[in-house]
file input-v1.txt (compact mmCIF, C-alpha atoms)
# COMPACT_ATOMS: atom_id res chain seq x y z
CA MET A 1 58.31 31.99 -4.32
CA ASN A 2 57.16 30.15 -1.24
CA ARG A 3 54.35 32.66 -0.83
CA ILE A 4 53.14 32.05 -4.41
CA PHE A 5 53.36 28.28 -3.88
CA SER A 6 51.41 28.60 -0.64
CA LYS A 7 48.66 30.57 -2.35
CA LYS A 8 48.40 27.96 -5.13
CA PHE A 9 48.36 25.17 -2.58
CA LEU A 10 45.59 26.84 -0.60
CA LEU A 11 43.65 27.42 -3.81
CA VAL A 12 43.90 23.72 -4.70
CA ILE A 13 42.86 22.66 -1.19
CA PHE A 14 39.92 25.07 -1.30
CA SER A 15 38.88 23.74 -4.70
CA VAL A 16 39.04 20.13 -3.46
CA PHE A 17 36.93 20.91 -0.39
CA PHE A 18 34.47 22.84 -2.53
CA PHE A 19 34.14 19.87 -4.89
CA ILE A 20 33.67 17.42 -2.01
CA GLY A 21 31.15 19.69 -0.34
CA GLY A 22 29.22 20.03 -3.57
CA SER A 23 29.21 16.26 -4.04
CA ASN A 24 27.99 15.66 -0.49
CA ALA A 25 25.29 18.30 -0.95
CA GLN A 26 23.76 16.06 -3.61
CA GLY A 27 23.28 13.39 -0.98
CA ASN A 28 23.38 9.62 -1.36
CA LEU A 29 22.59 7.98 -4.70
CA PRO A 30 22.41 11.28 -6.61
CA TYR A 31 21.39 9.66 -9.93
CA VAL A 32 19.13 6.87 -8.76
CA ASP A 33 15.95 8.72 -9.76
CA ASP A 34 17.23 9.17 -13.32
CA LYS A 35 16.91 5.47 -14.13
CA PRO A 36 14.15 4.86 -16.70
CA LEU A 37 13.14 1.62 -14.97
CA HIS A 38 13.98 0.15 -11.58
CA PHE A 39 12.71 -2.58 -9.28
CA GLY A 40 12.37 -3.29 -5.58
CA TYR A 41 10.25 -5.01 -2.99
CA ALA A 42 7.85 -3.96 -0.25
CA LEU A 43 7.05 -5.20 3.25
CA GLY A 44 4.22 -3.81 5.31
CA LEU A 45 1.27 -3.99 7.65
CA ASN A 46 -2.34 -3.75 6.54
CA PHE A 47 -5.50 -3.06 8.47
CA MET A 48 -8.54 -4.31 6.53
CA ASP A 49 -11.98 -3.15 7.55
CA PHE A 50 -15.52 -3.19 6.17
CA ALA A 51 -18.14 -0.54 5.53
CA VAL A 52 -21.34 -2.38 6.45
CA VAL A 53 -24.90 -1.58 5.34
CA PRO A 54 -27.34 -3.84 7.25
CA ALA A 55 -30.36 -5.26 5.47
CA ASP A 56 -32.55 -4.10 8.36
CA ILE A 57 -31.81 -1.06 10.50
CA ASN A 58 -33.07 -3.05 13.48
CA LYS A 59 -30.42 -5.73 12.91
CA ASP A 60 -27.16 -4.07 13.82
CA VAL A 61 -24.01 -5.39 12.10
CA SER A 62 -20.55 -3.96 12.74
CA VAL A 63 -16.88 -4.80 12.56
CA THR A 64 -15.73 -5.33 16.13
CA ALA A 65 -12.15 -6.49 15.58
CA VAL A 66 -9.53 -5.76 12.92
CA ALA A 67 -6.35 -7.81 13.29
CA PRO A 68 -3.22 -6.31 11.71
CA GLY A 69 -2.16 -8.27 8.64
CA PHE A 70 1.02 -8.60 6.65
CA SER A 71 1.86 -7.62 3.10
CA VAL A 72 4.74 -8.53 0.80
CA GLY A 73 5.07 -7.27 -2.74
CA ALA A 74 7.29 -6.52 -5.72
CA ILE A 75 7.87 -3.07 -7.21
CA SER A 76 8.27 -2.09 -10.85
CA ASP A 77 8.79 1.66 -11.34
CA LEU A 78 8.77 3.44 -14.72
CA ARG A 79 10.11 7.02 -14.82
CA LEU A 80 7.81 9.30 -16.84
CA ASN A 81 9.60 12.58 -16.18
CA ARG A 82 11.34 14.44 -13.38
CA TYR A 83 8.33 14.41 -11.08
CA PHE A 84 6.06 11.56 -12.21
CA ASN A 85 6.50 7.79 -12.07
CA LEU A 86 4.23 4.90 -13.00
CA ARG A 87 4.35 2.06 -10.46
CA PHE A 88 3.05 -1.51 -10.53
CA THR A 89 3.25 -3.31 -7.19
CA PRO A 90 1.67 -6.81 -7.09
CA THR A 91 1.18 -7.61 -3.41
CA LEU A 92 0.12 -10.66 -1.43
CA MET A 93 -1.76 -9.85 1.78
CA LEU A 94 -3.03 -11.67 4.85
CA SER A 95 -5.66 -10.23 7.17
CA GLN A 96 -8.59 -11.14 9.42
CA ARG A 97 -11.74 -9.28 10.45
CA THR A 98 -14.62 -10.08 12.81
CA LEU A 99 -18.23 -9.16 12.09
CA ASN A 100 -20.46 -8.77 15.13
CA TYR A 101 -24.22 -9.31 14.89
CA LYS A 102 -27.12 -8.45 17.12
CA ASN A 103 -28.94 -11.73 16.47
CA TYR A 104 -26.14 -14.09 15.36
CA ASP A 105 -22.79 -15.32 16.55
CA PRO A 106 -19.73 -13.27 15.47
CA ALA A 107 -18.29 -14.23 12.09
CA GLN A 108 -14.53 -14.27 11.52
CA ILE A 109 -13.41 -13.56 7.97
CA LEU A 110 -9.93 -14.47 6.77
CA SER A 111 -8.69 -12.82 3.58
CA VAL A 112 -5.59 -13.71 1.56
CA PRO A 113 -5.88 -11.42 -1.46
CA LEU A 114 -3.43 -11.01 -4.31
CA TYR A 115 -3.65 -7.28 -4.98
CA LEU A 116 -2.59 -5.84 -8.35
CA PRO A 117 -2.49 -2.01 -8.04
CA LEU A 118 -1.20 0.55 -10.52
CA TYR A 119 -0.17 3.99 -9.22
CA ILE A 120 0.86 7.40 -10.47
CA LYS A 121 3.53 8.80 -8.12
CA TYR A 122 4.25 12.53 -7.90
CA SER A 123 7.48 13.48 -6.12
CA SER A 124 8.55 16.92 -4.94
CA GLU A 125 12.02 18.33 -5.42
CA ARG A 126 14.66 16.36 -3.59
CA LYS A 127 16.32 18.00 -0.58
CA ASP A 128 19.51 16.30 0.60
CA ASN A 129 18.47 12.68 1.31
CA TYR A 130 14.72 13.29 1.52
CA ARG A 131 12.03 13.50 -1.15
CA PRO A 132 8.32 13.52 -0.14
CA TYR A 133 5.73 12.20 -2.56
CA VAL A 134 2.07 11.40 -3.02
CA LEU A 135 0.51 8.66 -5.11
CA ALA A 136 -2.91 7.67 -6.37
CA GLY A 137 -4.30 4.73 -8.25
CA GLY A 138 -6.08 1.47 -7.68
CA GLY A 139 -6.35 -2.09 -8.81
CA LEU A 140 -7.99 -5.48 -8.65
CA TRP A 141 -7.56 -8.27 -6.16
CA MET A 142 -8.37 -11.95 -5.97
CA ASP A 143 -8.99 -13.45 -2.54
CA TRP A 144 -7.31 -16.83 -2.13
CA GLY A 145 -8.58 -17.20 1.45
CA ARG A 146 -12.22 -17.59 0.45
CA ASN A 147 -13.84 -20.37 2.49
CA LYS A 148 -17.22 -21.56 1.17
CA GLU A 149 -18.04 -23.25 4.45
CA ARG A 150 -18.07 -20.05 6.51
CA ALA A 151 -21.27 -18.32 7.53
CA VAL A 152 -20.33 -15.14 5.64
CA LEU A 153 -18.87 -15.65 2.18
CA LEU A 154 -17.10 -12.90 0.24
CA ASN A 155 -16.84 -12.56 -3.52
CA PRO A 156 -13.42 -13.66 -4.79
CA PHE A 157 -12.81 -10.42 -6.73
CA ASP A 158 -12.81 -6.79 -5.68
CA ALA A 159 -11.71 -3.42 -7.10
CA LEU A 160 -10.16 -0.64 -5.02
CA VAL A 161 -9.19 2.99 -5.42
CA GLU A 162 -6.25 4.16 -3.35
CA ALA A 163 -4.25 7.23 -2.32
CA GLY A 164 -1.16 7.61 -0.18
CA VAL A 165 1.65 9.80 1.05
CA GLY A 166 5.27 8.85 1.67
CA CYS A 167 8.89 9.95 1.60
CA ASP A 168 11.96 8.61 -0.20
CA LEU A 169 14.94 8.27 2.13
CA TYR A 170 18.28 7.92 0.34
CA PHE A 171 20.97 5.71 1.86
CA PRO A 172 24.42 4.93 0.40
CA PHE A 173 23.34 1.64 -1.22
CA PHE A 174 19.53 1.70 -1.41
CA LYS A 175 16.43 3.87 -1.14
CA LEU A 176 13.88 3.29 1.62
CA SER A 177 10.38 4.65 1.08
CA PRO A 178 7.86 4.39 3.92
CA VAL A 179 4.34 5.09 2.64
CA LEU A 180 0.90 5.27 4.25
CA LYS A 181 -1.97 4.33 1.90
CA PHE A 182 -5.76 4.45 2.18
CA ALA A 183 -7.92 2.19 -0.02
CA VAL A 184 -11.69 2.00 -0.59
CA GLY A 185 -13.49 -0.85 -2.32
CA VAL A 186 -15.94 0.04 -5.07
CA SER A 187 -17.94 -3.19 -5.25
CA ASN A 188 -20.22 -5.09 -2.90
CA VAL A 189 -18.21 -8.14 -1.80
CA ILE A 190 -20.94 -10.03 0.06
CA THR A 191 -22.12 -13.21 -1.64
CA PRO A 192 -25.90 -13.55 -1.24
CA THR A 193 -27.16 -16.80 0.23
CA ALA A 194 -29.02 -17.67 -2.98
CA MET A 195 -25.76 -17.47 -4.99
CA ARG A 196 -23.70 -19.75 -2.75
CA ASP A 197 -22.55 -23.09 -4.12
CA THR A 198 -23.08 -24.81 -0.79
CA ALA A 199 -26.60 -25.44 0.42
CA PRO A 200 -27.75 -22.58 2.65
CA ALA A 201 -28.97 -23.23 6.15
CA SER A 202 -32.71 -23.22 6.70
CA GLY A 203 -34.06 -19.77 7.36
CA PRO A 204 -32.24 -16.42 7.24
CA GLY A 205 -28.58 -16.41 8.21
CA PRO A 206 -25.76 -13.94 8.91
CA THR A 207 -25.36 -13.19 5.20
CA ASP A 208 -29.01 -12.13 4.89
CA ALA A 209 -28.51 -9.52 7.60
CA ILE A 210 -26.10 -7.61 5.34
CA SER A 211 -27.25 -5.54 2.38
CA LYS A 212 -23.83 -4.25 1.31
CA LEU A 213 -20.25 -4.91 2.37
CA THR A 214 -17.37 -2.89 0.94
CA THR A 215 -13.65 -3.02 1.69
CA ARG A 216 -11.76 -0.36 3.62
CA MET A 217 -8.03 -0.68 4.13
CA ILE A 218 -5.07 1.21 5.58
CA THR A 219 -1.56 0.04 4.65
CA LEU A 220 1.79 1.04 6.08
CA ALA A 221 4.45 -0.22 3.67
CA PHE A 222 8.23 0.03 3.57
CA ASN A 223 9.52 0.03 0.00
CA ILE A 224 13.17 -0.90 -0.60
CA GLU A 225 14.41 0.13 -4.06

call {"tool": "encode", "arguments": {"input": "input-v1.txt", "output": "structure tokens"}}
result
Amino acid sequence: MNRIFSKKFLLVIFSVFFFIGGSNAQGNLPYVDDKPLHFGYALGLNFMDFAVVPADINKDVSVTAVAPGFSVGAISDLRLNRYFNLRFTPTLMLSQRTLNYKNYDPAQILSVPLYLPLYIKYSSERKDNYRPYVLAGGGLWMDWGRNKERAVLLNPFDALVEAGVGCDLYFPFFKLSPVLKFAVGVSNVITPTAMRDTAPASGPGPTDAISKLTTRMITLAFNIE
């Protein structure tokens, strides 16, 4: 009788450990990705740069300094199916760049854009508490740091296309998603001297030395969802 009881007891213990092991194998927050809609916020660093086309090949213009900027944003994530999500992440950024000229003094450009990107996110199968993903999309931004008194004036609006790679890390109470993104501007953001509201200086200036100026940006963001 004791032997039968012992076997039943061992069977129960084995079943309990099997159940616990199976639960732990699912990892933290096993059903968090099944939510049709969830929200979060993002903090990050951005490195804004320019692709410069000079108006004259003899007048060299280049970006000599890119100061790391900060980004803070909100996340709205819509689940489309098991692998795809639609994400809207309005983000406020702060960054500064320095243009160096051959014939003019360097020009510092401060940008404070409100960026409104929309992404498609594709996630791989989850393994334990890790789930790599890629995303692609783009959006519009409005620069609130535009200063009409500066030598080089940017257009207030720009459009960007973007791609990135990241990984969801599942913790007991939240999901952390570091992501590295690369963005390219599609429009010329330089404001010609003739289109400035303020009276241009006499003779050609730093703006006239640039034929085309497009945005380049790398962002390292930490999404908390």

call {"tool": "atom_distance", "arguments": {"input": "input-v1.txt", "atom1": "atom CA of Tyr122 of chain A", "atom2": "atom CA of Met217 of chain A"}}
result
21.7 Å

call {"tool": "atom_distance", "arguments": {"input": "input-v1.txt", "atom1": "atom CA of Ile210 of chain A", "atom2": "atom CA of Tyr115 of chain A"}}
result
24.7 Å

call {"tool": "atom_distance", "arguments": {"input": "input-v1.txt", "atom1": "atom CA of Val53 of chain A", "atom2": "atom CA of Ala183 of chain A"}}
result
18.2 Å

call {"tool": "closest_residue", "arguments": {"input": "input-v1.txt", "among": "A:Leu114, A:Leu180, A:Ala209, A:Leu154", "to": "Ser62 of chain A", "atoms": "only C-alpha atoms"}}
result
A:Ala209

call {"tool": "closest_residue", "arguments": {"input": "input-v1.txt", "among": "A:Pro90, A:Gly138, A:Gly69, A:Gly185", "to": "Asp158 of chain A", "atoms": "only C-alpha atoms"}}
result
A:Gly185
